[in-house]
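For reference, data-v2.cif is printed below; it contains mmCIF, C-alpha atoms.
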```cif
data_query
loop_
_atom_site.label_atom_id
_atom_site.label_comp_id
_atom_site.auth_asym_id
_atom_site.auth_seq_id
_atom_site.Cartn_x
_atom_site.Cartn_y
_atom_site.Cartn_z
CA MET A 1 -19.40 -10.03 10.47
CA GLY A 2 -21.54 -7.71 12.54
CA SER A 3 -24.18 -5.42 11.22
CA TYR A 4 -25.94 -2.08 11.43
CA PRO A 5 -29.33 -0.84 10.23
CA PRO A 6 -29.24 -0.58 6.43
CA ILE A 7 -31.60 2.38 6.50
CA GLU A 8 -29.18 4.41 8.59
CA LEU A 9 -25.85 3.92 6.86
CA PRO A 10 -23.75 7.04 7.56
CA VAL A 11 -22.19 7.00 4.11
CA GLU A 12 -22.97 8.28 0.67
CA SER A 13 -23.91 5.71 -1.93
CA ILE A 14 -21.02 4.69 -4.16
CA PRO A 15 -22.19 4.40 -7.77
CA PHE A 16 -20.33 1.97 -9.99
CA GLY A 17 -20.40 2.87 -13.65
CA PRO A 18 -18.73 1.72 -16.86
CA VAL A 19 -15.43 3.30 -15.78
CA ASP A 20 -15.27 1.12 -12.66
CA ILE A 21 -15.86 -2.02 -14.68
CA GLU A 22 -13.40 -0.93 -17.37
CA ILE A 23 -10.45 -0.34 -15.05
CA GLU A 24 -10.92 -3.54 -13.06
CA SER A 25 -8.46 -5.39 -15.30
CA GLY A 26 -6.20 -2.46 -16.18
CA ILE A 27 -6.56 0.14 -18.91
CA LYS A 28 -4.36 2.87 -20.31
CA ILE A 29 -5.47 6.35 -19.32
CA ASP A 30 -4.17 9.69 -20.51
CA PRO A 31 -1.48 10.77 -17.97
CA SER A 32 -3.07 14.21 -17.84
CA LYS A 33 -6.15 12.59 -16.29
CA TYR A 34 -4.27 11.41 -13.23
CA ARG A 35 -4.61 13.21 -9.95
CA VAL A 36 -2.43 12.79 -6.88
CA THR A 37 -3.88 13.41 -3.42
CA GLY A 38 -1.38 13.34 -0.58
CA GLY A 39 0.82 11.05 -2.64
CA LEU A 40 -2.05 8.64 -3.34
CA LEU A 41 -3.00 7.88 -6.92
CA SER A 42 -6.52 8.64 -8.11
CA THR A 43 -8.13 9.25 -11.46
CA TYR A 44 -11.57 9.79 -12.96
CA GLU A 45 -13.81 11.44 -10.37
CA GLY A 46 -11.62 10.49 -7.44
CA ARG A 47 -11.45 6.74 -8.02
CA HIS A 48 -8.53 5.19 -6.22
CA VAL A 49 -6.32 3.14 -8.54
CA VAL A 50 -2.96 1.46 -8.65
CA LEU A 51 -0.53 1.51 -11.59
CA TYR A 52 1.54 -1.30 -13.04
CA ILE A 53 3.23 -2.29 -16.29
CA LYS A 54 1.03 -4.91 -17.90
CA ASP A 55 3.45 -5.71 -20.71
CA HIS A 56 5.85 -8.45 -19.54
CA SER A 57 7.00 -9.51 -23.02
CA TYR A 58 10.63 -8.47 -22.58
CA VAL A 59 12.96 -11.41 -23.19
CA ARG A 60 16.43 -11.74 -21.67
CA GLY A 61 18.38 -14.72 -22.88
CA ASN A 62 15.82 -17.47 -23.38
CA ILE A 63 13.52 -16.42 -20.55
CA SER A 64 10.82 -13.78 -20.87
CA ASN A 65 9.86 -11.40 -18.11
CA PHE A 66 6.43 -13.02 -18.35
CA ASP A 67 7.76 -16.49 -17.47
CA SER A 68 9.96 -15.09 -14.69
CA ALA A 69 7.00 -13.30 -13.10
CA ILE A 70 4.89 -16.46 -13.15
CA GLU A 71 7.70 -18.44 -11.53
CA ASN A 72 8.49 -15.73 -8.99
CA PRO A 73 6.10 -12.71 -8.73
CA ASN A 74 8.88 -10.64 -7.16
CA LYS A 75 10.65 -10.67 -10.52
CA GLY A 76 7.66 -9.07 -12.23
CA ASN A 77 7.05 -5.33 -12.61
CA LYS A 78 6.02 -3.69 -9.36
CA VAL A 79 2.59 -2.28 -8.54
CA HIS A 80 2.41 1.37 -7.50
CA VAL A 81 -0.08 2.67 -4.95
CA ALA A 82 1.39 6.18 -4.69
CA PHE A 83 3.23 8.65 -6.87
CA CYS A 84 6.67 7.66 -5.64
CA ARG A 85 10.14 8.53 -6.92
CA THR A 86 10.05 5.58 -9.32
CA LEU A 87 7.03 7.01 -11.12
CA GLU A 88 8.62 10.46 -11.13
CA GLU A 89 11.66 8.95 -12.87
CA MET A 90 9.41 7.23 -15.40
CA VAL A 91 7.70 10.54 -16.16
CA ASN A 92 11.03 12.33 -16.57
CA SER A 93 12.29 9.63 -18.94
CA ASN A 94 9.06 9.64 -21.00
CA ARG A 95 8.27 6.05 -20.03
CA PHE A 96 5.23 6.70 -17.87
CA GLU A 97 2.77 5.65 -20.56
CA ARG A 98 3.88 2.05 -20.17
CA TYR A 99 1.64 1.92 -17.09
CA VAL A 100 -2.01 0.98 -16.90
CA ALA A 101 -4.49 1.92 -14.18
CA CYS A 102 -6.33 -0.79 -12.28
CA ASN A 103 -8.66 -0.91 -9.28
CA ARG A 104 -8.45 -4.62 -8.52
CA ILE A 105 -8.35 -5.57 -4.86
CA THR A 106 -7.66 -9.31 -5.24
CA GLY A 107 -3.88 -8.86 -5.27
CA GLU A 108 -3.55 -10.50 -8.68
CA PHE A 109 -2.92 -8.51 -11.86
CA THR A 110 -3.22 -9.49 -15.49
CA ILE A 111 0.11 -9.46 -17.32
CA GLN A 112 0.84 -10.13 -20.98
CA GLY A 113 3.80 -11.95 -22.47
CA PRO A 114 5.22 -12.71 -25.91
CA GLY A 115 2.64 -13.72 -28.48
CA GLY A 116 -0.24 -12.17 -26.54
CA GLN A 117 -0.39 -14.82 -23.81
CA SER A 118 -1.72 -13.58 -20.49
CA ALA A 119 -1.92 -14.66 -16.85
CA ASP A 120 -2.97 -13.30 -13.46
CA VAL A 121 0.01 -12.90 -11.14
CA ALA A 122 0.36 -11.66 -7.54
CA LEU A 123 2.84 -8.91 -8.41
CA HIS A 124 4.65 -7.29 -5.50
CA VAL A 125 3.92 -3.72 -4.45
CA CYS A 126 6.59 -1.02 -4.84
CA LYS A 127 8.62 -0.47 -1.66
CA ASN A 128 9.19 3.19 -2.56
CA CYS A 129 5.43 3.72 -2.47
CA LEU A 130 5.15 2.20 1.00
CA SER A 131 8.00 4.39 2.26
CA LEU A 132 6.51 7.54 0.75
CA LEU A 133 3.22 7.00 2.59
CA ASN A 134 4.91 5.54 5.68
CA TYR A 135 2.24 2.87 5.40
CA GLN A 136 1.92 1.05 8.74
CA GLY A 137 5.10 2.80 9.89
CA VAL A 138 7.38 0.97 7.42
CA ARG A 139 9.74 3.84 6.62
CA ASP A 140 12.29 2.91 9.27
CA ASP A 141 11.56 -0.80 9.41
CA TYR A 142 13.30 -2.56 6.53
CA HIS A 143 12.02 -6.01 7.47
CA LEU A 144 8.40 -4.88 7.80
CA ARG A 145 8.61 -3.09 4.44
CA ASN A 146 9.87 -6.25 2.74
CA LYS A 147 7.20 -8.35 4.41
CA LEU A 148 4.38 -6.00 3.37
CA ALA A 149 5.72 -5.72 -0.18
CA ALA A 150 5.73 -9.50 -0.59
CA LYS A 151 2.28 -10.12 0.89
CA PHE A 152 0.50 -6.84 0.37
CA ASP A 153 -3.19 -6.68 1.27
CA TYR A 154 -4.72 -4.35 -1.33
CA LYS A 155 -8.18 -4.55 0.16
CA GLU A 156 -6.90 -3.43 3.55
CA PHE A 157 -4.87 -0.68 1.90
CA PHE A 158 -7.89 0.70 0.07
CA LYS A 159 -9.91 0.58 3.29
CA THR A 160 -7.23 2.48 5.20
CA TYR A 161 -7.42 5.41 2.81
CA SER A 162 -11.14 5.08 2.01
CA SER A 163 -12.08 8.43 3.55
CA SER A 164 -9.73 10.23 1.16
CA PHE A 165 -11.68 9.29 -1.97
CA LYS A 166 -15.16 9.81 -3.34
CA HIS A 167 -15.26 6.39 -5.01
CA MET A 168 -13.78 3.11 -3.94
CA PRO A 169 -12.77 0.12 -6.07
CA LYS A 170 -15.51 -2.09 -7.44
CA GLY A 171 -16.07 -4.97 -5.06
CA MET A 172 -15.23 -3.11 -1.83
CA ALA A 173 -18.79 -2.91 -0.55
CA ASP A 174 -19.84 -5.91 1.53
CA ASP A 175 -23.29 -7.26 0.76
CA ASP A 176 -25.52 -6.58 3.70
CA VAL A 177 -27.60 -9.75 3.61
CA GLY A 178 -28.79 -12.17 6.21
CA TYR A 179 -30.63 -9.80 8.55
CA SER A 180 -33.85 -10.95 10.12
CA ALA A 181 -37.04 -9.32 8.85
CA ASP A 182 -37.50 -7.43 12.14
CA TRP A 183 -33.87 -6.21 12.37
CA ASP A 184 -34.65 -2.50 11.94
CA GLU A 185 -37.10 -2.57 14.84
CA ILE A 186 -34.77 -4.61 17.08
CA SER A 187 -31.91 -2.21 16.37
CA ARG A 188 -34.01 0.88 17.04
CA LYS A 189 -35.33 -0.41 20.38
CA LEU A 190 -31.87 -1.42 21.60
CA ARG A 191 -30.36 1.96 20.71
CA GLU A 192 -33.23 3.71 22.44
CA LYS A 193 -32.76 1.53 25.53
CA GLU A 194 -29.06 2.51 25.67
CA ASN A 195 -29.91 6.20 25.06
CA TYR A 196 -27.77 6.16 21.89
CA VAL A 197 -24.56 5.87 23.94
CA CYS A 198 -21.66 3.86 22.56
CA SER A 199 -20.85 0.96 24.88
CA ASP A 200 -17.16 1.27 24.01
CA CYS A 201 -16.10 4.94 23.95
CA GLN A 202 -19.22 6.22 25.75
CA VAL A 203 -19.95 8.99 23.25
CA ASN A 204 -23.57 10.15 23.35
CA LEU A 205 -25.13 10.23 19.88
CA ILE A 206 -28.65 11.33 20.81
CA GLN A 207 -28.30 14.27 18.38
CA HIS A 208 -26.72 12.09 15.67
CA LYS A 209 -28.71 8.87 15.81
CA ASN A 210 -27.58 7.80 12.36
CA LEU A 211 -24.06 7.40 13.76
CA CYS A 212 -25.25 4.94 16.41
CA HIS A 213 -25.08 1.31 15.25
CA VAL A 214 -25.81 -2.15 16.62
CA HIS A 215 -23.08 -4.75 16.18
CA HIS A 216 -23.49 -8.55 16.02
CA ILE A 217 -20.67 -9.82 18.23
CA ASN A 218 -20.40 -13.30 16.72
CA GLY A 219 -20.79 -12.06 13.16
CA VAL A 220 -24.07 -13.92 12.55
CA LYS A 221 -26.44 -11.27 11.27
CA ASN A 222 -29.65 -13.09 12.11
CA ASP A 223 -28.59 -13.96 15.67
CA ASN A 224 -30.37 -11.21 17.58
CA SER A 225 -30.05 -12.72 21.05
CA PRO A 226 -29.41 -9.97 23.65
CA ASN A 227 -25.92 -11.21 24.54
CA ASN A 228 -24.90 -11.04 20.86
CA LEU A 229 -25.74 -7.38 20.35
CA GLU A 230 -23.92 -4.24 21.41
CA VAL A 231 -24.54 -0.56 20.71
CA LEU A 232 -21.56 1.20 19.15
CA CYS A 233 -20.77 4.50 17.49
CA ALA A 234 -19.91 4.17 13.79
CA ASP A 235 -16.20 4.63 14.54
CA CYS A 236 -16.02 1.92 17.21
CA HIS A 237 -18.14 -0.33 14.97
CA ARG A 238 -15.61 0.21 12.19
CA LYS A 239 -12.80 -0.87 14.52
CA ARG A 240 -14.66 -4.05 15.47
CA HIS A 241 -14.31 -5.00 11.82
CA GLY A 242 -10.59 -4.21 11.74
CA SER A 243 -11.30 -0.94 9.91
CA SER A 244 -12.89 -2.92 7.07
CA MET A 245 -16.19 -1.08 7.39
CA TYR A 246 -16.35 2.22 5.53
CA VAL A 247 -17.14 5.32 7.58
CA SER A 248 -16.87 8.70 5.89
CA HIS A 249 -14.28 11.20 6.99
CA LYS A 250 -17.06 13.67 7.84
CA ASP A 251 -18.67 11.18 10.22
CA ILE A 252 -15.36 10.42 11.95
CA GLN A 253 -14.92 14.17 12.43
CA THR A 254 -18.40 14.46 13.93
CA ILE A 255 -17.82 11.63 16.38
CA ASN A 256 -14.46 13.03 17.49
CA ARG A 257 -15.98 16.48 17.96
CA LEU A 258 -18.66 14.96 20.21
CA ARG A 259 -16.02 13.04 22.17
CA ASN A 260 -14.17 16.29 22.76
CA GLN A 261 -17.32 18.13 23.83
CA GLN A 262 -18.22 15.32 26.21
CA ALA A 263 -14.69 15.21 27.71
CA LEU A 264 -14.09 11.63 26.58
CA ILE A 265 -10.63 12.22 25.10
CA HIS A 266 -7.83 12.14 27.65
CA GLY A 267 -4.69 12.44 25.51
CA GLY A 268 -1.62 10.41 24.68
CA TRP A 269 -0.30 8.99 21.42
CA LYS A 270 -2.01 5.63 21.76
CA GLU A 271 -5.42 7.24 22.06
CA ALA A 272 -4.68 9.76 19.29
CA LEU A 273 -3.86 6.95 16.84
CA GLU A 274 -6.95 5.02 17.88
CA LEU A 275 -9.24 8.01 17.28
CA ALA A 276 -7.64 9.57 14.20
CA ASP A 277 -8.74 8.78 10.67
CA PRO A 278 -6.59 5.79 9.54
CA ALA A 279 -5.57 7.77 6.43
CA ILE A 280 -3.31 10.05 8.51
CA HIS A 281 -1.73 7.37 10.71
CA GLY A 282 1.46 7.22 8.65
CA GLU A 283 2.02 10.94 9.04
CA LEU A 284 1.16 10.99 12.73
CA LEU A 285 3.75 8.26 13.32
CA LEU A 286 6.39 10.41 11.63
CA LEU A 287 5.51 13.41 13.80
CA GLU A 288 5.62 11.25 16.93
CA LYS A 289 9.12 10.15 15.94
CA GLN A 290 10.13 13.81 15.54
CA GLY A 291 9.24 14.38 19.18
CA TYR A 292 5.82 15.95 18.82
CA ASP A 293 3.46 15.55 21.76
CA ALA A 294 0.22 13.73 21.01
CA PRO A 295 -2.19 15.98 19.07
CA GLU A 296 -5.74 16.89 19.93
CA ILE A 297 -7.98 14.88 17.62
CA GLY A 298 -11.09 16.58 16.25
CA TYR A 299 -10.01 20.07 17.37
CA ASP A 300 -12.43 22.94 16.65
CA VAL A 301 -11.24 26.45 15.85
CA THR A 302 -13.93 28.94 16.83
CA GLY A 303 -14.50 32.60 16.12
CA ASN A 304 -15.07 35.36 18.68
CA ASP A 305 -18.77 34.49 18.66
CA GLY A 306 -18.06 30.87 19.54
CA VAL A 307 -19.09 29.58 16.13
CA VAL A 308 -16.93 26.76 14.80
CA LEU A 309 -14.91 28.03 11.84
CA VAL A 310 -13.03 24.84 10.96
CA GLU A 311 -12.62 21.30 12.23
CA LEU A 312 -9.05 20.00 12.32
CA GLU A 313 -8.15 16.31 12.05
CA ALA A 314 -5.21 16.72 14.42
CA ALA A 315 -3.94 19.87 16.10
CA TRP A 316 -1.19 21.10 18.38
CA PRO A 317 -2.77 24.35 19.62
CA ASP A 318 0.26 25.37 21.69
CA ARG A 319 2.46 25.10 18.60
CA ARG A 320 -0.21 26.55 16.32
CA GLU A 321 0.20 23.57 13.99
CA CYS A 322 -2.37 21.23 12.52
CA LEU A 323 -2.87 18.36 10.08
CA VAL A 324 -5.91 18.52 7.79
CA MET A 325 -7.41 16.46 4.99
CA ASP A 326 -9.47 19.22 3.38
CA GLU A 327 -7.53 20.32 0.30
CA GLU A 328 -9.76 23.37 -0.10
CA LEU A 329 -9.36 24.63 3.47
CA ASP A 330 -9.47 28.43 3.70
CA HIS A 331 -6.14 29.25 5.37
CA SER A 332 -7.42 32.70 6.34
CA LEU A 333 -9.46 30.90 9.01
CA LEU A 334 -6.18 29.84 10.65
CA PRO A 335 -4.02 32.98 10.86
CA GLY A 336 -0.62 32.24 12.36
CA TRP A 337 -1.04 28.46 12.04
CA LYS A 338 1.26 26.07 10.23
CA VAL A 339 -1.04 23.83 8.22
CA TRP A 340 0.03 20.36 7.14
CA HIS A 341 -2.27 19.07 4.39
CA PHE A 342 -2.86 15.37 3.93
CA GLY A 343 0.35 13.89 2.50
CA ASP A 344 2.61 16.85 3.32
CA VAL A 345 4.36 15.34 6.32
CA ALA A 346 5.19 12.03 4.64
CA GLN A 347 6.44 13.68 1.44
CA GLN A 348 8.61 16.27 3.17
CA GLN A 349 10.49 13.84 5.42
#
```

Take the structure in the file and give it back as structure tokens.
Amino acid sequence: MGSYPPIELPVESIPFGPVDIEIESGIKIDPSKYRVTGGLLSTYEGRHVVLYIKDHSYVRGNISNFDSAIENPNKGNKVHVAFCRTLEEMVNSNRFERYVACNRITGEFTIQGPGGQSADVALHVCKNCLSLLNYQGVRDDYHLRNKLAAKFDYKEFFKTYSSSFKHMPKGMADDDVGYSADWDEISRKLREKENYVCSDCQVNLIQHKNLCHVHHINGVKNDNSPNNLEVLCADCHRKRHGSSMYVSHKDIQTINRLRNQQALIHGGWKEALELADPAIHGELLLLEKQGYDAPEIGYDVTGNDGVVLVELEAAWPDRRECLVMDEELDHSLLPGWKVWHFGDVAQQQ
């Protein structure tokens, strides 16, 4: 993997406490503690969790649900990543408390069978959850939905929606080890030499130096040869890692605002999806299908004095419509606008 100066990480530290450790294997939590953000499940100070039924002791004939799940994980209880219609039905039938919360990212979940026996099984994810979020555009692609459900990448899923949560699952942070002792100095000099301009999207970060990174092309962190290093903005650096590197939503907003100011955004759906926060991709794909033109990414609404009142994730100024992730947005700042909050589009389709 590539790297960036540890002293200039553009993210807040993510503290892991007893709660993180406790929910790694699945624990029961009071349903009143759950919070749903844009359809996504979170609980306890914004931690992103999944829900599943740990108890697989039900026996039909001579075969227990536990044995069936071990033989074929698809026969086990499904894992929920969003508050889908299945969970709503479980709430309405007073069966919701069968679920436990878990923040594992390995793809295997501990289940229990008759007599207290237990095993870790790669349970399948719920297809209704994937459809609700339109994750990777699966809503109208039956085959893709089945494929994702069978081989679901939880780590990639958590990374996609990372900017929507204050805390991420334990084990998400990559250990930044292997840098040479003089890495900070090498990184600083190279960024200065390139005037803090991203070699990919060309955004100038001279006023936001902490968002300017240096990437190791071959992934070897102590290989600082000139042809192995490139200067990138935090967003382009994230994309080099397949979106596996965490960049806060605020920093993505800042970079997109600078791209707009520097006339680096030219329009079109392909570019909009490349620049937008991955957390809203599912909803943008739905709006594209409805016939919407590509939105302006990182659109600023200003007052009469030119001061920026609010930054919008995606906006259609001619239609006076926008998509935002800020749940506490003051709508009085957008008179006459139709405001889609994170999760609204996917849930209303």

Practice item. Report the residues retrieved by the PyMOL selection byres ((chain A and resi 138-146) around 12) from the displayed file, expressed as a PyMOL selection string. Key: chain A and resi 74+124-137+147-152+281-283+285-286+289+346-347+349

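For the file at hand, the PyMOL selection byres ((chain A and resi 43-48) around 8) resolves to Lys33, Tyr34, Arg35, Leu40, Leu41, Ser42, Val49, Val50, Asn103, Phe158, Phe165, Lys166, His167, Met168 and Pro169 of chain A.
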
Review point. Hey, what comes out of the PyMOL selection byres ((chain A and resi 105) around 10) on this file? Could you write it as a list in words?
Key: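 Applied to this file, the PyMOL selection byres ((chain A and resi 105) around 10) selects Glu24, Val49, Val50, Cys102, Asn103, Arg104, Thr106, Gly107, Glu108, Phe109, Asp153, Tyr154, Lys155, Glu156, Phe157, Phe158, Pro169, Lys170, Gly171 and Met172 of chain A.
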
Revision key, fill the gap. Between A:His249, A:Lys75, A:Arg320, A:His213, smallest distance to A:Lys338 by only C-alpha atoms belongs to A:Arg320

Exercise for review: Using only C-alpha atoms, find the one residue out of A:Val324, A:Asn195, A:Thr302, A:Ile63 that sits nearest to A:Val231.
Suggested key: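 Of the candidates, the smallest distance to A:Val231 is held by A:Asn195.
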
Exercise for review: Using atom CA of A:Asn224 and atom CA of A:Ala181 as the two end points, give the distance in Å to one decimal.
Suggested key: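 So the answer is 11.1 Å.
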
Practice item. Excluding A:Leu334 and residues on its chain fewer than 4 positions from it, collect all residues at most 10 Å away from it, counting only C-alpha atoms, and give them as a PyMOL selection string. Key: chain A and resi 301-302+309-310+320-322+329-330+338-339

Practice item. Go through A:Ala101, A:Met90, A:Val36, A:Ile21 one by one, measure the shortest atom-to-atom distance of each to A:Leu51 using all atoms listed in the file, and give the residue with the smallest value. Key: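 Closest residue, counting all atoms listed in the file: A:Ala101.
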